[in-house]
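Student: Have a peek at model.cif (mmCIF, C-alpha atoms).
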data_structure
#
loop_
_atom_site.label_atom_id
_atom_site.label_comp_id
_atom_site.auth_asym_id
_atom_site.auth_seq_id
_atom_site.Cartn_x
_atom_site.Cartn_y
_atom_site.Cartn_z
CA MET A 243 117.31 60.35 117.72
CA VAL A 244 116.48 64.02 117.22
CA ASN A 245 117.81 64.31 113.71
CA ASN A 246 115.55 61.85 111.96
CA GLN A 247 114.08 63.98 109.27
CA SER A 248 112.21 61.76 106.88
CA ASN A 249 109.40 60.05 108.68
CA SER A 250 107.11 59.72 105.70
CA SER A 251 107.63 58.48 102.18
CA ASN A 252 106.88 61.97 100.88
CA PRO A 253 109.88 64.30 101.50
CA ARG A 254 107.96 67.32 100.22
CA LEU A 255 105.31 66.86 102.89
CA ASP A 256 108.00 66.45 105.52
CA TYR A 257 109.61 69.70 104.48
CA GLU A 258 106.38 71.63 104.61
CA TYR A 259 105.55 70.15 107.99
CA ARG A 260 108.92 71.21 109.39
CA ARG A 261 108.57 74.73 107.98
CA LYS A 262 105.20 75.06 109.65
CA LYS A 263 106.55 73.67 112.90
CA ASN A 264 109.45 76.15 112.87
CA ALA A 265 107.09 79.05 112.13
CA GLU A 266 104.82 77.94 114.97
CA GLY A 267 107.86 77.73 117.27
CA MET A 268 108.86 81.24 116.29
CA ARG A 269 105.39 82.56 117.15
CA ILE A 270 105.77 81.06 120.62
CA GLN A 271 109.19 82.73 120.93
CA VAL A 272 107.71 86.14 120.10
CA ALA A 273 104.90 85.59 122.63
CA THR A 274 107.56 84.70 125.21
CA PHE A 275 109.46 87.85 124.37
CA THR A 276 106.32 89.97 124.83
CA LEU A 277 105.81 88.46 128.29
CA MET A 278 109.46 89.09 129.19
CA ILE A 279 109.15 92.76 128.20
CA PHE A 280 105.95 92.96 130.23
CA PHE A 281 107.64 91.46 133.33
CA THR A 282 110.54 93.88 132.96
CA VAL A 283 108.22 96.89 132.76
CA VAL A 284 106.24 95.64 135.78
CA SER A 285 109.46 95.27 137.81
CA PHE A 286 110.60 98.79 137.01
CA VAL A 287 107.15 100.22 137.76
CA ALA A 288 106.97 98.31 141.07
CA VAL A 289 110.27 99.86 142.14
CA GLY A 290 109.32 103.32 140.87
CA ALA A 291 105.97 103.25 142.69
CA ASN A 292 107.51 103.25 146.20
CA PHE A 293 105.73 100.21 147.61
CA SER A 294 107.04 98.60 150.79
CA LYS A 295 110.37 96.90 150.18
CA TRP A 296 109.06 93.71 151.81
CA PHE A 297 106.64 93.45 148.93
CA VAL A 298 108.82 94.77 146.10
CA ILE A 299 111.96 92.66 146.66
CA PRO A 300 110.30 89.21 146.63
CA PHE A 301 108.03 90.36 143.80
CA ILE A 302 110.80 91.51 141.43
CA LEU A 303 112.92 88.45 142.30
CA LEU A 304 110.01 86.23 141.35
CA LEU A 305 109.57 88.08 138.05
CA ALA A 306 113.32 87.71 137.37
CA VAL A 307 113.19 83.95 138.02
CA VAL A 308 110.21 83.51 135.70
CA GLN A 309 111.87 85.62 133.02
CA VAL A 310 115.09 83.61 133.22
CA GLY A 311 113.01 80.42 132.98
CA PHE A 312 111.49 81.71 129.74
CA GLN A 313 114.93 82.63 128.43
CA LEU A 314 116.31 79.17 129.20
CA TYR A 315 113.40 76.99 128.14
CA TYR A 316 112.33 78.94 125.06
CA PHE A 317 115.14 81.21 123.80
CA MET A 318 117.83 78.67 124.66
CA HIS A 319 115.57 75.74 123.62
CA MET A 320 115.95 73.79 126.87
CA SER A 321 112.33 72.66 126.53
CA GLU A 322 113.18 70.80 123.32
CA LYS A 323 114.20 67.17 123.04
CA GLY A 324 117.83 66.19 123.63
CA HIS A 325 118.45 68.66 126.46
CA GLU A 326 118.68 66.20 129.35
CA ALA A 327 122.40 66.71 129.95
CA PRO A 328 122.19 70.52 129.60
CA SER A 329 119.35 70.51 132.14
CA MET A 330 121.43 68.48 134.57
CA PHE A 331 124.46 70.78 134.13
CA PHE A 332 122.38 73.87 134.52
CA TRP A 333 120.30 72.80 137.51
CA SER A 334 123.41 71.53 139.31
CA ALA A 335 124.96 74.94 138.71
CA ILE A 336 121.84 76.65 140.04
CA THR A 337 122.03 74.54 143.21
CA VAL A 338 125.64 75.57 143.83
CA ALA A 339 124.80 79.17 142.93
CA PHE A 340 121.90 79.26 145.39
CA VAL A 341 123.99 77.82 148.23
CA THR A 342 126.79 80.31 147.50
CA VAL A 343 124.48 83.32 147.64
CA LEU A 344 122.72 81.95 150.73
CA ALA A 345 126.04 81.46 152.54
CA PHE A 346 127.26 84.96 151.75
CA MET A 347 123.97 86.45 152.93
CA THR A 348 123.65 84.53 156.18
CA ILE A 349 126.68 82.90 157.77
CA ILE A 350 129.38 85.30 156.60
CA TRP A 351 129.62 88.65 158.31
CA TRP A 352 131.89 91.59 157.63
CA MET B 31 126.56 62.65 107.41
CA GLU B 32 129.41 64.55 105.81
CA ALA B 33 130.06 67.80 107.63
CA GLU B 34 130.67 69.90 104.53
CA GLU B 35 128.13 68.23 102.28
CA LYS B 36 125.96 70.66 100.32
CA TYR B 37 122.40 70.99 101.52
CA THR B 38 119.12 72.39 100.29
CA PRO B 39 116.28 73.59 102.54
CA GLN B 40 114.62 70.25 101.83
CA THR B 41 117.55 68.08 102.86
CA TRP B 42 118.70 70.27 105.77
CA PRO B 43 118.28 68.25 109.00
CA GLU B 44 115.95 69.25 111.80
CA SER B 45 118.63 69.98 114.43
CA PRO B 46 121.67 70.85 112.28
CA GLU B 47 123.66 72.03 115.30
CA ARG B 48 123.64 68.48 116.65
CA ALA B 49 123.66 66.47 113.43
CA THR B 50 127.36 65.55 113.55
CA LEU B 51 129.40 64.06 116.37
CA GLU B 52 131.44 67.26 116.55
CA GLY B 53 128.23 69.29 116.82
CA LYS B 54 126.92 67.03 119.61
CA ASN B 55 130.17 67.29 121.54
CA LYS B 56 130.31 71.06 121.20
CA PHE B 57 126.71 71.34 122.33
CA LEU B 58 127.35 69.21 125.42
CA GLY B 59 130.64 70.89 126.26
CA PHE B 60 129.18 74.33 125.85
CA TRP B 61 126.33 73.66 128.25
CA LEU B 62 128.82 72.34 130.79
CA PHE B 63 130.75 75.59 130.36
CA LEU B 64 127.54 77.59 130.90
CA GLY B 65 127.01 75.68 134.16
CA GLY B 66 130.48 76.80 135.24
CA GLU B 67 129.72 80.37 134.22
CA THR B 68 126.55 80.28 136.31
CA VAL B 69 128.56 79.33 139.40
CA LEU B 70 131.16 81.99 138.62
CA PHE B 71 128.53 84.72 138.39
CA ALA B 72 126.84 83.40 141.53
CA SER B 73 130.03 83.99 143.50
CA LEU B 74 130.25 87.54 142.14
CA PHE B 75 126.59 88.17 142.98
CA ALA B 76 127.07 86.78 146.49
CA THR B 77 130.08 89.06 147.01
CA TYR B 78 128.16 92.06 145.74
CA ILE B 79 125.16 91.36 147.98
CA ALA B 80 127.43 90.95 150.99
CA LEU B 81 129.40 94.14 150.28
CA LYS B 82 126.61 96.37 149.02
CA ASP B 83 126.87 99.90 150.46
CA LYS B 84 129.89 98.93 152.59
CA VAL B 85 131.86 102.16 152.33
CA PRO B 86 134.60 103.51 154.63
CA SER B 87 133.15 107.00 155.16
CA PRO B 88 129.84 108.81 154.63
CA GLU B 89 131.02 110.90 151.65
CA HIS B 90 131.13 107.81 149.43
CA ALA B 91 128.16 107.39 147.12
CA LEU B 92 125.79 104.52 147.92
CA ALA B 93 123.73 102.41 145.53
CA LYS B 94 120.72 104.71 145.93
CA ASP B 95 122.74 107.82 145.02
CA LEU B 96 124.36 106.25 141.98
CA TYR B 97 121.86 104.27 139.98
CA GLU B 98 119.54 105.82 137.42
CA LEU B 99 116.63 103.61 136.44
CA PRO B 100 115.85 105.14 133.01
CA LEU B 101 119.33 104.26 131.72
CA VAL B 102 119.11 100.74 133.17
CA PHE B 103 115.69 100.34 131.57
CA VAL B 104 117.06 101.30 128.14
CA MET B 105 119.99 98.89 128.57
CA THR B 106 117.60 96.10 129.57
CA MET B 107 115.41 96.69 126.53
CA LEU B 108 118.43 96.70 124.20
CA LEU B 109 119.79 93.43 125.55
CA LEU B 110 116.40 91.72 125.75
CA THR B 111 115.58 92.69 122.16
CA SER B 112 118.99 91.49 121.00
CA SER B 113 118.17 88.14 122.57
CA LEU B 114 115.01 87.93 120.45
CA THR B 115 116.87 88.91 117.27
CA SER B 116 119.35 86.10 117.83
CA VAL B 117 116.39 83.72 118.22
CA TYR B 118 115.27 84.97 114.79
CA ALA B 119 118.76 84.25 113.46
CA MET B 120 118.56 80.65 114.69
CA TYR B 121 115.06 80.33 113.24
CA HIS B 122 116.48 81.17 109.81
CA MET B 123 119.44 78.85 110.44
CA LYS B 124 116.97 75.99 110.97
CA ASN B 125 115.20 76.98 107.74
CA PHE B 126 118.55 77.00 105.88
CA ASN B 127 118.35 80.69 105.04
CA PHE B 128 121.93 81.89 105.42
CA LYS B 129 121.40 85.52 104.33
CA LYS B 130 118.54 86.16 106.72
CA MET B 131 120.47 84.49 109.52
CA GLN B 132 123.44 86.79 108.92
CA LEU B 133 121.14 89.82 108.80
CA TRP B 134 119.54 89.00 112.16
CA LEU B 135 122.94 88.33 113.69
CA LEU B 136 124.06 91.74 112.47
CA ILE B 137 121.03 93.37 114.13
CA THR B 138 121.92 91.46 117.31
CA VAL B 139 125.46 92.84 117.19
CA ILE B 140 124.22 96.41 116.66
CA LEU B 141 121.85 96.17 119.65
CA GLY B 142 124.67 94.68 121.72
CA LEU B 143 126.93 97.58 120.78
CA GLY B 144 124.19 99.97 121.91
CA PHE B 145 124.12 98.21 125.27
CA LEU B 146 127.88 98.39 125.58
CA GLY B 147 127.85 102.11 124.75
CA CYS B 148 125.33 102.73 127.56
CA GLU B 149 127.48 100.79 130.02
CA ILE B 150 130.61 102.74 129.10
CA TYR B 151 128.66 105.98 129.57
CA GLU B 152 127.39 104.72 132.92
CA PHE B 153 130.81 103.79 134.33
CA ASN B 154 132.29 107.03 133.05
CA HIS B 155 129.47 108.96 134.71
CA TYR B 156 130.03 107.25 138.09
CA TYR B 157 133.73 107.96 137.86
CA HIS B 158 133.43 111.67 137.03
CA GLU B 159 130.31 112.62 138.98
CA TYR B 160 130.69 110.49 142.12
CA ASN B 161 134.37 109.55 142.14
CA HIS B 162 133.12 105.97 142.36
CA THR B 163 136.22 104.04 141.27
CA PHE B 164 137.23 100.41 141.43
CA THR B 165 139.35 101.01 144.54
CA SER B 166 137.24 103.60 146.39
CA SER B 167 135.33 101.11 148.61
CA ALA B 168 134.44 97.46 149.10
CA PHE B 169 131.07 98.33 147.57
CA SER B 170 132.57 99.88 144.44
CA SER B 171 134.99 96.95 143.94
CA ALA B 172 132.17 94.44 144.21
CA PHE B 173 129.97 96.52 141.90
CA TYR B 174 132.56 96.97 139.16
CA THR B 175 133.70 93.34 139.37
CA LEU B 176 130.17 92.00 138.93
CA VAL B 177 128.83 94.45 136.35
CA GLY B 178 132.21 94.78 134.62
CA PHE B 179 132.53 91.02 134.31
CA HIS B 180 129.16 90.98 132.61
CA GLY B 181 130.28 93.83 130.34
CA ALA B 182 133.40 91.83 129.45
CA HIS B 183 131.13 88.94 128.51
CA VAL B 184 129.20 91.29 126.24
CA ILE B 185 132.45 92.35 124.54
CA PHE B 186 133.50 88.72 124.15
CA GLY B 187 130.06 87.71 122.87
CA LEU B 188 130.02 90.53 120.31
CA SER B 189 133.53 89.66 119.10
CA TRP B 190 132.53 86.01 118.85
CA LEU B 191 129.39 86.79 116.82
CA VAL B 192 131.30 89.08 114.47
CA LEU B 193 134.06 86.50 114.03
CA VAL B 194 131.75 83.62 113.12
CA MET B 195 129.79 85.90 110.77
CA VAL B 196 132.92 87.09 108.95
CA ARG B 197 134.79 83.79 108.98
CA ASN B 198 131.83 81.84 107.58
CA ALA B 199 130.49 84.55 105.24
CA LYS B 200 131.65 82.65 102.16
CA ARG B 201 131.29 79.16 103.60
CA GLY B 202 127.54 79.48 104.11
CA LEU B 203 125.55 76.97 106.12
CA ASN B 204 126.57 73.35 106.45
CA LEU B 205 126.81 70.89 109.29
CA TYR B 206 130.29 72.20 110.10
CA THR B 207 129.30 75.88 110.42
CA ALA B 208 125.81 75.46 111.94
CA PRO B 209 127.07 74.49 115.45
CA LYS B 210 129.36 77.55 115.45
CA PHE B 211 126.44 79.93 114.92
CA TYR B 212 124.24 78.02 117.34
CA LEU B 213 126.72 78.15 120.21
CA ALA B 214 127.52 81.84 119.70
CA SER B 215 123.79 82.54 119.95
CA LEU B 216 123.47 80.38 123.10
CA TYR B 217 126.28 82.40 124.68
CA TRP B 218 124.46 85.59 123.78
CA HIS B 219 121.29 84.36 125.49
CA PHE B 220 123.29 83.46 128.57
CA ILE B 221 124.57 87.05 128.75
CA ASP B 222 120.94 88.18 128.83
CA VAL B 223 120.15 85.62 131.56
CA VAL B 224 122.86 87.15 133.74
CA TRP B 225 121.65 90.67 132.96
CA VAL B 226 118.12 89.84 134.16
CA PHE B 227 119.60 89.17 137.61
CA ILE B 228 121.90 92.18 137.43
CA PHE B 229 119.10 94.62 136.72
CA THR B 230 116.94 93.02 139.40
CA VAL B 231 119.48 92.39 142.18
CA VAL B 232 121.90 95.27 141.58
CA TYR B 233 119.86 98.11 140.15
CA LEU B 234 116.25 97.58 141.18
CA MET B 235 117.04 96.22 144.64
CA GLY B 236 119.68 98.93 144.98
CA MET B 237 116.97 101.55 144.56
CA VAL B 238 114.58 99.85 147.00
CA GLY B 239 117.10 99.63 149.82
#
Would you mind writing the file's structure down as structure tokens?
Tutor:
Amino acid sequence: MVNNQSNSSNPRLDYEYRRKKNAEGMRIQVATFTLMIFFTVVSFVAVGANFSKWFVIPFILLLAVVQVGFQLYYFMHMSEKGHEAPSMFFWSAITVAFVTVLAFMTIIWW
Amino acid sequence: MEAEEKYTPQTWPESPERATLEGKNKFLGFWLFLGGETVLFASLFATYIALKDKVPSPEHALAKDLYELPLVFVMTMLLLTSSLTSVYAMYHMKNFNFKKMQLWLLITVILGLGFLGCEIYEFNHYYHEYNHTFTSSAFSSAFYTLVGFHGAHVIFGLSWLVLVMVRNAKRGLNLYTAPKFYLASLYWHFIDVVWVFIFTVVYLMGMVG
């Protein structure tokens, strides 16, 4: 169970441990944010620099996927315990989403 | 655990948003909803990709003529930063610091309003400078439906954040209010998730060709 809070006989120690853990978690969040800003800047620069579109499109899509992964697993806490059902919901949705976009790009014509 | 029991930072549980049955159910239901939202946005993205630059005559503006990357960059920074500030809000929620949580939520709302202002300017600009309206082409309909739907989510998310902040201002943090704040912040992150694909697929790929 994720909510078990007192694991030791000393509640004070528990509290300090949790504070430290939260602060450590927040540092990771800020590091994630820095990377996300970096990826965003790189994407914009790649488009502004007039490289071949066969390089730029896969490249910026990859950066977007990584950035969304960070958002989901860190900002939205999907990497934490107790997120099995959310993961299933979300990845099922991604599967349907991928097939939808693929279908509209390939077998439907206008 | 009693939902409205009084807590101190020492007795506050580790995952207060999921400490009660109601909190657990909301958490589960909300993620299911986000799955549905993902599929909804996927269909709008697919439509946009299929209809991009499909205009009836050459005088209609295309993606390349319309988009301006500096504005999109500013909007991206605003929304991305607001995502971090709402992470800060949840950090203080977990530390049982109600005032700081409210402050960070307020900063989130202000950044979100900045984003919304930019989007209103953008749509207004397209309308007046390029006569790019909802009904002018298949491309414009697909564009406004996708980006406008995201903008509507921003409006809804901002209203939601403001409502939970105001409604619970005097209640403070307990196991009844914590899930409310947590879910509003999850929704806000999801809006940023969608925006990452909008700026990449619509704006950046629109400029590349």
Student: Run the PyMOL selection byres ((chain B) within 8 of (chain A)) against the file shown and list the residues it catches, as a PyMOL selection string.
Tutor: chain B and resi 39-40+43-46+48-49+58+61-62+64-66+68-69+72-73+75-77+79-80+99+103+107+110+113-114+117-118+121+124-125+216+219+223+226-227+230-231+234-235+237-239
Student: Quick one: apply the PyMOL selection byres ((chain B and resi 128) around 10) to the file and drop the selected residues here as JSON, numbers by chain.
Tutor: {"B": [119, 120, 122, 123, 124, 125, 126, 127, 129, 130, 131, 132, 133, 199, 201, 202, 203, 204, 208]}
Student: May I ask for the distance between atom CA of B:Phe145 and atom CA of B:Met105, given in Å to one decimal place?
Tutor: 5.3 Å
Student: For the atom pair atom CA of B:Ser87 and atom CA of B:Phe169, what is the interatomic distance in Å to one decimal place?
Tutor: 11.7 Å
Student: Quick one: distance from atom CA of B:Gly187 to atom CA of B:Trp218 in Å, one decimal?
Tutor: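 According to the coordinates, atom CA of B:Gly187 and atom CA of B:Trp218 are separated by 6.1 Å.
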Student: Run the PyMOL selection byres ((chain B and resi 191) around 9) against the file shown and list the residues it catches, as a PDB file with C-alpha atoms, in the coordinates of the input.
Tutor:
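Heads up, here's the output in expr19.pdb:
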ATOM      1  CA  LEU B 135     122.940  88.330 113.690  1.00  0.00           C
ATOM      2  CA  LEU B 136     124.060  91.740 112.470  1.00  0.00           C
ATOM      3  CA  THR B 138     121.920  91.460 117.310  1.00  0.00           C
ATOM      4  CA  VAL B 139     125.460  92.840 117.190  1.00  0.00           C
ATOM      5  CA  PHE B 186     133.500  88.720 124.150  1.00  0.00           C
ATOM      6  CA  GLY B 187     130.060  87.710 122.870  1.00  0.00           C
ATOM      7  CA  LEU B 188     130.020  90.530 120.310  1.00  0.00           C
ATOM      8  CA  SER B 189     133.530  89.660 119.100  1.00  0.00           C
ATOM      9  CA  TRP B 190     132.530  86.010 118.850  1.00  0.00           C
ATOM     10  CA  VAL B 192     131.300  89.080 114.470  1.00  0.00           C
ATOM     11  CA  LEU B 193     134.060  86.500 114.030  1.00  0.00           C
ATOM     12  CA  VAL B 194     131.750  83.620 113.120  1.00  0.00           C
ATOM     13  CA  MET B 195     129.790  85.900 110.770  1.00  0.00           C
ATOM     14  CA  VAL B 196     132.920  87.090 108.950  1.00  0.00           C
ATOM     15  CA  PHE B 211     126.440  79.930 114.920  1.00  0.00           C
ATOM     16  CA  ALA B 214     127.520  81.840 119.700  1.00  0.00           C
ATOM     17  CA  SER B 215     123.790  82.540 119.950  1.00  0.00           C
ATOM     18  CA  TRP B 218     124.460  85.590 123.780  1.00  0.00           C
TER      19      TRP B 218
END
Student: Got a sec: who's within 10 Å of stretch 180-182 of chain B, counting only C-alpha atoms, leaving out chain neighbours fewer than 2 positions off, as a PyMOL selection string?
Tutor: chain B and resi 71+145-146+149-150+174-178+184-188+221-222+224-225+228
